[in-house]
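The block underneath contains the structure these notes are about, expressed in structure tokens.
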Amino acid sequence: MLKNLEGQRVPDVTFRTRVDGQWKDVATKDVFAGKKVVVFALPGAFTPTCSSSHVPRYNELADEFKRRGVDTIACVSVNDAFVMDEWCKAQEADKVLFLPDGNGEFSEKMGMLVDKANLGFGKRSWRYSMLVDDGVIKKMFIEPEVAGDPFDVSDADTMLKYLAPSSKAPHDVLLFTKPGCGYCTKAKQLLDARKIPYDEVAASPRRLRAVSGKGTTPQVFVDGKYVGGADELEAYLAKA
């Protein structure tokens with residue numbers, strides 16, 4: 001039975017990390033003392049849900065968490081420092097602090113170390129998230145104890161909603177562009193001026209026709225909906 005440790009202090013451990021190719025010991029107090037920290041723990045580096053959803057979304061929402069007074073977002077996994085360092089680079093998650101719990105000491109003291117021998121993983125952390133204020137656990141979101149790898153409550157959006165119930169996550173914006181396109185430059189400038197993050201995809205004629213039936217660039221999508229080109233984006237932002 002996994003225990004909710006709200007009101008208790010986080011365990012006193014030392015994380016063996018790698019920084020610029022060198023060993024660096026990071027004590028619990030270094031991470032939590034005098035800070036508000038959001039921690040999310042997961043079963044393993046490079047695993048599907050952890051790589052496609054858990055880490056990326058916390059990294060995407062890092063600025064939103066910062067606006068709510070969070071000093072650090074930390075990811076804990078029972079993996080060694082070399083694996084966690086390479087995973088951080090692969091994820092391009094520069095806004096998340098990766099803490100390797102190589103021996104499972106932190107996870108065990110949290111009561112979250114579970115047996116995943118059936119997957120060949122050995123002992124790993126259960127998936128959960130928590131808000132820690134100056135070393136004291138204020139809130140925990142623990143995934144339900146069911147078969148498999150549930151991912152329902154430890155996500156970044158749930159934690160953000162807890163911190164600020166009226167908050168809205170930033171829009172998901174995608175631009176299809178091509179080199180030398182002046183209107184593409186205009187669209188990016190409009191988004192940059194409002195500090196709206198976006199992903200950019202180089203567009204081939206076939207790709208453009210497939211997504212919207214149009215051949216012009218840029219093509220702007222917001223939260224899965226086609227907005228149009230640069231002029232339509234300007235009008236959209238004016239109403240936002």
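Every chain in the structure tokens takes a letter, A first, then B, and so on in the order presented; its residues are numbered from 1, and the ligands are numbered from 1 following the presented order.
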
Residues within 10 Å of region 214-227 of chain A, only C-alpha atoms, excluding chain neighbours under 5 positions, as an mmCIF file with N, CA, C and O atoms, in the first residue's frame:
data_model
loop_
_atom_site.group_PDB
_atom_site.id
_atom_site.type_symbol
_atom_site.label_atom_id
_atom_site.label_comp_id
_atom_site.auth_asym_id
_atom_site.auth_seq_id
_atom_site.Cartn_x
_atom_site.Cartn_y
_atom_site.Cartn_z
ATOM 1 N N PRO A 170 -0.611 27.152 -21.721
ATOM 2 C CA PRO A 170 -0.371 27.866 -22.976
ATOM 3 C C PRO A 170 -0.883 27.078 -24.166
ATOM 4 O O PRO A 170 -0.953 25.854 -24.142
ATOM 5 N N HIS A 171 -1.260 27.807 -25.200
ATOM 6 C CA HIS A 171 -1.759 27.160 -26.408
ATOM 7 C C HIS A 171 -0.659 26.338 -27.077
ATOM 8 O O HIS A 171 0.530 26.673 -27.003
ATOM 9 N N ASP A 172 -1.062 25.280 -27.754
ATOM 10 C CA ASP A 172 -0.143 24.491 -28.571
ATOM 11 C C ASP A 172 -0.195 25.041 -29.999
ATOM 12 O O ASP A 172 -1.235 24.961 -30.658
ATOM 13 N N VAL A 173 0.915 25.602 -30.435
ATOM 14 C CA VAL A 173 0.969 26.268 -31.737
ATOM 15 C C VAL A 173 1.966 25.553 -32.639
ATOM 16 O O VAL A 173 3.098 25.269 -32.235
ATOM 17 N N LEU A 174 1.531 25.288 -33.856
ATOM 18 C CA LEU A 174 2.388 24.638 -34.851
ATOM 19 C C LEU A 174 2.383 25.459 -36.130
ATOM 20 O O LEU A 174 1.320 25.873 -36.615
ATOM 21 N N LEU A 175 3.584 25.710 -36.652
ATOM 22 C CA LEU A 175 3.728 26.445 -37.908
ATOM 23 C C LEU A 175 4.332 25.549 -38.972
ATOM 24 O O LEU A 175 5.356 24.903 -38.741
ATOM 25 N N PHE A 176 3.693 25.507 -40.132
ATOM 26 C CA PHE A 176 4.307 24.900 -41.316
ATOM 27 C C PHE A 176 4.908 26.039 -42.131
ATOM 28 O O PHE A 176 4.195 26.979 -42.520
ATOM 29 N N THR A 177 6.212 25.973 -42.372
ATOM 30 C CA THR A 177 6.913 27.063 -43.049
ATOM 31 C C THR A 177 7.813 26.531 -44.158
ATOM 32 O O THR A 177 7.996 25.321 -44.296
ATOM 33 N N LYS A 178 8.377 27.460 -44.924
ATOM 34 C CA LYS A 178 9.392 27.085 -45.916
ATOM 35 C C LYS A 178 10.421 28.205 -45.989
ATOM 36 O O LYS A 178 10.116 29.371 -45.672
ATOM 37 N N PRO A 179 11.658 27.898 -46.379
ATOM 38 C CA PRO A 179 12.721 28.905 -46.421
ATOM 39 C C PRO A 179 12.374 30.064 -47.354
ATOM 40 O O PRO A 179 11.754 29.879 -48.403
ATOM 41 N N CYS A 181 10.344 32.499 -46.906
ATOM 42 C CA CYS A 181 8.947 32.936 -46.858
ATOM 43 C C CYS A 181 8.823 34.126 -45.911
ATOM 44 O O CYS A 181 8.955 33.979 -44.690
ATOM 45 N N GLY A 182 8.551 35.310 -46.467
ATOM 46 C CA GLY A 182 8.424 36.509 -45.651
ATOM 47 C C GLY A 182 7.248 36.459 -44.695
ATOM 48 O O GLY A 182 7.326 36.947 -43.562
ATOM 49 N N TYR A 183 6.140 35.860 -45.137
ATOM 50 C CA TYR A 183 4.969 35.749 -44.271
ATOM 51 C C TYR A 183 5.238 34.788 -43.106
ATOM 52 O O TYR A 183 4.690 34.950 -42.015
ATOM 53 N N CYS A 184 6.085 33.802 -43.360
ATOM 54 C CA CYS A 184 6.479 32.889 -42.269
ATOM 55 C C CYS A 184 7.246 33.662 -41.191
ATOM 56 O O CYS A 184 7.017 33.474 -39.986
ATOM 57 N N THR A 185 8.149 34.527 -41.642
ATOM 58 C CA THR A 185 8.896 35.365 -40.713
ATOM 59 C C THR A 185 7.952 36.247 -39.916
ATOM 60 O O THR A 185 8.103 36.407 -38.691
ATOM 61 N N LYS A 186 6.958 36.818 -40.581
ATOM 62 C CA LYS A 186 5.983 37.668 -39.895
ATOM 63 C C LYS A 186 5.230 36.876 -38.826
ATOM 64 O O LYS A 186 5.042 37.366 -37.695
ATOM 65 N N ALA A 187 4.804 35.668 -39.160
ATOM 66 C CA ALA A 187 4.059 34.847 -38.205
ATOM 67 C C ALA A 187 4.899 34.557 -36.971
ATOM 68 O O ALA A 187 4.407 34.642 -35.829
ATOM 69 N N LYS A 188 6.163 34.237 -37.174
ATOM 70 C CA LYS A 188 7.038 33.933 -36.040
ATOM 71 C C LYS A 188 7.283 35.178 -35.194
ATOM 72 O O LYS A 188 7.346 35.104 -33.960
ATOM 73 N N TYR A 198 6.099 27.932 -29.891
ATOM 74 C CA TYR A 198 5.548 27.226 -31.035
ATOM 75 C C TYR A 198 6.562 26.231 -31.569
ATOM 76 O O TYR A 198 7.769 26.338 -31.305
ATOM 77 N N GLU A 200 7.949 24.518 -35.189
ATOM 78 C CA GLU A 200 8.015 24.832 -36.613
ATOM 79 C C GLU A 200 8.376 23.587 -37.397
ATOM 80 O O GLU A 200 9.289 22.856 -37.033
ATOM 81 N N VAL A 201 7.637 23.340 -38.473
ATOM 82 C CA VAL A 201 7.876 22.169 -39.316
ATOM 83 C C VAL A 201 8.124 22.638 -40.738
ATOM 84 O O VAL A 201 7.326 23.410 -41.309
ATOM 85 N N ALA A 202 9.242 22.191 -41.312
ATOM 86 C CA ALA A 202 9.513 22.508 -42.714
ATOM 87 C C ALA A 202 8.504 21.788 -43.596
ATOM 88 O O ALA A 202 8.289 20.582 -43.448
ATOM 89 N N ALA A 203 7.866 22.522 -44.478
ATOM 90 C CA ALA A 203 6.733 21.980 -45.230
ATOM 91 C C ALA A 203 7.096 21.662 -46.681
ATOM 92 O O ALA A 203 7.704 22.465 -47.374
ATOM 93 N N SER A 204 6.704 20.473 -47.096
ATOM 94 C CA SER A 204 6.760 20.114 -48.509
ATOM 95 C C SER A 204 5.371 20.360 -49.096
ATOM 96 O O SER A 204 4.374 20.419 -48.366
ATOM 97 N N PRO A 205 5.237 20.522 -50.402
ATOM 98 C CA PRO A 205 3.908 20.728 -50.998
ATOM 99 C C PRO A 205 2.921 19.624 -50.621
ATOM 100 O O PRO A 205 1.752 19.898 -50.337
ATOM 101 N N ARG A 206 3.386 18.380 -50.604
ATOM 102 C CA ARG A 206 2.479 17.280 -50.259
ATOM 103 C C ARG A 206 2.018 17.388 -48.816
ATOM 104 O O ARG A 206 0.844 17.169 -48.499
ATOM 105 N N ARG A 207 2.941 17.737 -47.925
ATOM 106 C CA ARG A 207 2.586 17.863 -46.512
ATOM 107 C C ARG A 207 1.562 18.974 -46.318
ATOM 108 O O ARG A 207 0.612 18.836 -45.552
ATOM 109 N N LEU A 208 1.760 20.091 -47.015
ATOM 110 C CA LEU A 208 0.815 21.202 -46.907
ATOM 111 C C LEU A 208 -0.572 20.790 -47.389
ATOM 112 O O LEU A 208 -1.578 21.080 -46.742
ATOM 113 N N ARG A 209 -0.626 20.128 -48.530
ATOM 114 C CA ARG A 209 -1.934 19.703 -49.046
ATOM 115 C C ARG A 209 -2.595 18.708 -48.110
ATOM 116 O O ARG A 209 -3.819 18.725 -47.939
ATOM 117 N N GLU A 232 -4.121 36.011 -40.895
ATOM 118 C CA GLU A 232 -5.166 35.407 -40.064
ATOM 119 C C GLU A 232 -4.678 35.227 -38.623
ATOM 120 O O GLU A 232 -5.445 35.403 -37.669
ATOM 121 N N LEU A 233 -3.395 34.902 -38.474
ATOM 122 C CA LEU A 233 -2.836 34.778 -37.139
ATOM 123 C C LEU A 233 -2.843 36.121 -36.422
ATOM 124 O O LEU A 233 -3.179 36.203 -35.228
ATOM 125 N N GLU A 234 -2.497 37.180 -37.152
ATOM 126 C CA GLU A 234 -2.500 38.523 -36.555
ATOM 127 C C GLU A 234 -3.890 38.888 -36.048
ATOM 128 O O GLU A 234 -4.048 39.420 -34.941
ATOM 129 N N ALA A 235 -4.918 38.593 -36.842
ATOM 130 C CA ALA A 235 -6.290 38.877 -36.449
ATOM 131 C C ALA A 235 -6.706 37.997 -35.253
ATOM 132 O O ALA A 235 -7.385 38.468 -34.334
ATOM 133 N N TYR A 236 -6.263 36.758 -35.260
ATOM 134 C CA TYR A 236 -6.572 35.828 -34.176
ATOM 135 C C TYR A 236 -5.978 36.337 -32.867
ATOM 136 O O TYR A 236 -6.649 36.342 -31.819
#

Residue set, region 146-183 of chain A restricted to helix (DSSP H, G or I), as JSON, numbers by chain: {"A": [156, 157, 158, 159, 160, 161, 162, 163, 182, 183]}

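Minimum distance to Asn79 (chain A) across A:Val96, A:Leu42, A:Val55, A:Met159 (counting only C-alpha atoms) occurs at A:Leu42.
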
Would you tabulate, counting only C-alpha atoms, all residues of region 30-61 of chain A that have an atom at most 9 Å from an atom of region 115-127 of chain A, showing the closest pair of atoms and their distance in Å to one decimal, sorted by chain then ascending number, as JSON lines?
{"residue": "A:Phe40", "atom": "CA", "partner": "A:Arg127", "partner_atom": "CA", "distance": 7.5}
{"residue": "A:Ala41", "atom": "CA", "partner": "A:Arg127", "partner_atom": "CA", "distance": 5.3}
{"residue": "A:Leu42", "atom": "CA", "partner": "A:Arg127", "partner_atom": "CA", "distance": 4.4}
{"residue": "A:Pro43", "atom": "CA", "partner": "A:Ser125", "partner_atom": "CA", "distance": 5.1}
{"residue": "A:Gly44", "atom": "CA", "partner": "A:Arg124", "partner_atom": "CA", "distance": 7.3}

Contact residues around Arg9 (chain A) with only C-alpha atoms at 9 Å, ignoring same-chain residues under 4 positions, as a list in words: Leu5, Val132, Asp134, Gly135, Val136 and Ile137 of chain A

Check which residues of region 131-184 of chain A sit at most 12 Å from region 111-114 of chain A using only C-alpha atoms, and return one row each with the closest pair of atoms and their distance in Å to one decimal, ordered by chain and rising number, as CSV.
residue,atom,partner,partner_atom,distance
A:Met140,CA,A:Met112,CA,11.8
A:Ile142,CA,A:Met112,CA,9.3
A:Glu143,CA,A:Met112,CA,10.7
A:Glu145,CA,A:Val114,CA,10.7
A:Asp149,CA,A:Val114,CA,11.7

Every residue of region 44-234 of chain A that DSSP places in strand (DSSP E or B), as a PyMOL selection string: chain A and resi 72-77+97-100+113-115+123-125+128-133+136-142+173-177+199-202+219-222+225-228

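Closest approach to Glu92 (chain A) from the set A:Lys239, A:Arg57, A:Lys66, A:Lys109 is made by A:Arg57, with distances taken over only C-alpha atoms.
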
Name all residues at most 8 Å from Pro11 (chain A) (count only C-alpha atoms; drop same-chain ones fewer than 6 positions away) and give them as a compact mmCIF listing (two decimals) with C-alpha atoms, in the first residue's frame.
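Below is the file that was written, around_25.txt:
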# COMPACT_ATOMS: atom_id res chain seq x y z
CA THR A 28 18.42 16.81 -0.50
CA PHE A 106 15.05 8.19 -2.23
CA LYS A 109 12.37 6.19 1.80
CA MET A 110 9.38 7.81 0.09

Which residue of A:Ala156, A:Leu99, A:Leu237, A:Val37 approaches Leu61 (chain A) most closely, using only C-alpha atoms: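 The closest residue to Leu61 (chain A) is A:Ala156.
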
Which residues of region 60-156 of chain A come within 12 Å of region 161-167 of chain A, and what is each one's closest atom pair and distance in Å (one decimal), counting only C-alpha atoms, sorted by chain and residue number, as a tab-separated table?
residue	atom	partner	partner_atom	distance
A:Leu61	CA	A:Lys161	CA	11.4
A:Glu64	CA	A:Ser167	CA	8.8
A:Phe65	CA	A:Leu163	CA	8.3
A:Lys66	CA	A:Leu163	CA	10.9
A:Arg67	CA	A:Ala164	CA	10.1
A:Arg68	CA	A:Leu163	CA	7.0
A:Gly69	CA	A:Leu163	CA	9.2
A:Val70	CA	A:Leu163	CA	9.4
A:Ser129	CA	A:Tyr162	CA	11.6
A:Met130	CA	A:Tyr162	CA	10.7
A:Leu131	CA	A:Leu163	CA	9.0
A:Val132	CA	A:Leu163	CA	11.9
A:Lys138	CA	A:Leu163	CA	11.0
A:Lys139	CA	A:Tyr162	CA	9.0
A:Met140	CA	A:Tyr162	CA	10.5
A:Phe141	CA	A:Tyr162	CA	10.1
A:Val153	CA	A:Tyr162	CA	10.9
A:Ser154	CA	A:Tyr162	CA	11.2
A:Asp155	CA	A:Lys161	CA	10.3
A:Ala156	CA	A:Lys161	CA	8.6

Please, could you write that set of residues out with N, CA and C atoms as a PDB file, in the first residue's frame?
ATOM      1  N   LEU A  61       5.620  23.395 -19.575  1.00  0.00           N
ATOM      2  CA  LEU A  61       4.895  24.254 -18.637  1.00  0.00           C
ATOM      3  C   LEU A  61       5.792  24.876 -17.570  1.00  0.00           C
ATOM      4  N   GLU A  64       5.145  28.457 -16.765  1.00  0.00           N
ATOM      5  CA  GLU A  64       3.885  28.638 -16.040  1.00  0.00           C
ATOM      6  C   GLU A  64       4.063  28.318 -14.560  1.00  0.00           C
ATOM      7  N   PHE A  65       4.806  27.257 -14.264  1.00  0.00           N
ATOM      8  CA  PHE A  65       5.083  26.917 -12.869  1.00  0.00           C
ATOM      9  C   PHE A  65       5.895  28.025 -12.190  1.00  0.00           C
ATOM     10  N   LYS A  66       6.854  28.564 -12.913  1.00  0.00           N
ATOM     11  CA  LYS A  66       7.685  29.635 -12.361  1.00  0.00           C
ATOM     12  C   LYS A  66       6.834  30.842 -11.996  1.00  0.00           C
ATOM     13  N   ARG A  67       5.851  31.153 -12.842  1.00  0.00           N
ATOM     14  CA  ARG A  67       4.966  32.282 -12.561  1.00  0.00           C
ATOM     15  C   ARG A  67       4.124  32.047 -11.302  1.00  0.00           C
ATOM     16  N   ARG A  68       3.968  30.782 -10.933  1.00  0.00           N
ATOM     17  CA  ARG A  68       3.213  30.439  -9.716  1.00  0.00           C
ATOM     18  C   ARG A  68       4.122  30.241  -8.515  1.00  0.00           C
ATOM     19  N   GLY A  69       5.362  30.684  -8.617  1.00  0.00           N
ATOM     20  CA  GLY A  69       6.260  30.652  -7.465  1.00  0.00           C
ATOM     21  C   GLY A  69       7.101  29.412  -7.313  1.00  0.00           C
ATOM     22  N   VAL A  70       7.078  28.519  -8.306  1.00  0.00           N
ATOM     23  CA  VAL A  70       7.884  27.297  -8.237  1.00  0.00           C
ATOM     24  C   VAL A  70       9.313  27.610  -8.669  1.00  0.00           C
ATOM     25  N   SER A 129       3.670  12.575  -8.306  1.00  0.00           N
ATOM     26  CA  SER A 129       4.209  13.935  -8.284  1.00  0.00           C
ATOM     27  C   SER A 129       3.945  14.525  -6.912  1.00  0.00           C
ATOM     28  N   MET A 130       4.704  15.558  -6.567  1.00  0.00           N
ATOM     29  CA  MET A 130       4.483  16.210  -5.276  1.00  0.00           C
ATOM     30  C   MET A 130       4.985  17.646  -5.315  1.00  0.00           C
ATOM     31  N   LEU A 131       4.359  18.461  -4.477  1.00  0.00           N
ATOM     32  CA  LEU A 131       4.785  19.839  -4.267  1.00  0.00           C
ATOM     33  C   LEU A 131       5.489  19.895  -2.925  1.00  0.00           C
ATOM     34  N   VAL A 132       6.729  20.379  -2.922  1.00  0.00           N
ATOM     35  CA  VAL A 132       7.552  20.433  -1.708  1.00  0.00           C
ATOM     36  C   VAL A 132       7.931  21.879  -1.436  1.00  0.00           C
ATOM     37  N   LYS A 138       3.846  19.219   0.638  1.00  0.00           N
ATOM     38  CA  LYS A 138       2.560  19.887   0.800  1.00  0.00           C
ATOM     39  C   LYS A 138       1.426  19.167   0.084  1.00  0.00           C
ATOM     40  N   LYS A 139       1.740  18.525  -1.026  1.00  0.00           N
ATOM     41  CA  LYS A 139       0.706  17.840  -1.809  1.00  0.00           C
ATOM     42  C   LYS A 139       1.334  16.707  -2.589  1.00  0.00           C
ATOM     43  N   MET A 140       0.634  15.567  -2.656  1.00  0.00           N
ATOM     44  CA  MET A 140       1.088  14.437  -3.465  1.00  0.00           C
ATOM     45  C   MET A 140      -0.035  13.969  -4.378  1.00  0.00           C
ATOM     46  N   PHE A 141       0.333  13.663  -5.598  1.00  0.00           N
ATOM     47  CA  PHE A 141      -0.569  13.016  -6.545  1.00  0.00           C
ATOM     48  C   PHE A 141       0.044  11.656  -6.881  1.00  0.00           C
ATOM     49  N   VAL A 153      -2.825  11.159 -12.799  1.00  0.00           N
ATOM     50  CA  VAL A 153      -2.864  12.302 -11.882  1.00  0.00           C
ATOM     51  C   VAL A 153      -1.511  12.953 -11.621  1.00  0.00           C
ATOM     52  N   SER A 154      -0.427  12.351 -12.053  1.00  0.00           N
ATOM     53  CA  SER A 154       0.897  12.908 -11.758  1.00  0.00           C
ATOM     54  C   SER A 154       1.420  13.796 -12.890  1.00  0.00           C
ATOM     55  N   ASP A 155       0.572  14.115 -13.836  1.00  0.00           N
ATOM     56  CA  ASP A 155       0.965  14.914 -14.994  1.00  0.00           C
ATOM     57  C   ASP A 155       1.124  16.386 -14.626  1.00  0.00           C
ATOM     58  N   ALA A 156       1.759  17.131 -15.516  1.00  0.00           N
ATOM     59  CA  ALA A 156       2.040  18.541 -15.267  1.00  0.00           C
ATOM     60  C   ALA A 156       0.778  19.383 -15.198  1.00  0.00           C
TER      61      ALA A 156
END

Two-atom distance - CA of Ala62 (chain A), CA of Leu97 (chain A) (Å):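 Computing the Euclidean distance for CA of Ala62 (chain A) and CA of Leu97 (chain A) yields 11.0 Å.
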
For CA of Lys29 (chain A) and CA of Ser107 (chain A), the interatomic separation in Å (one decimal):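 CA of Ser107 (chain A) lies at a distance of 16.3 Å from CA of Lys29 (chain A).
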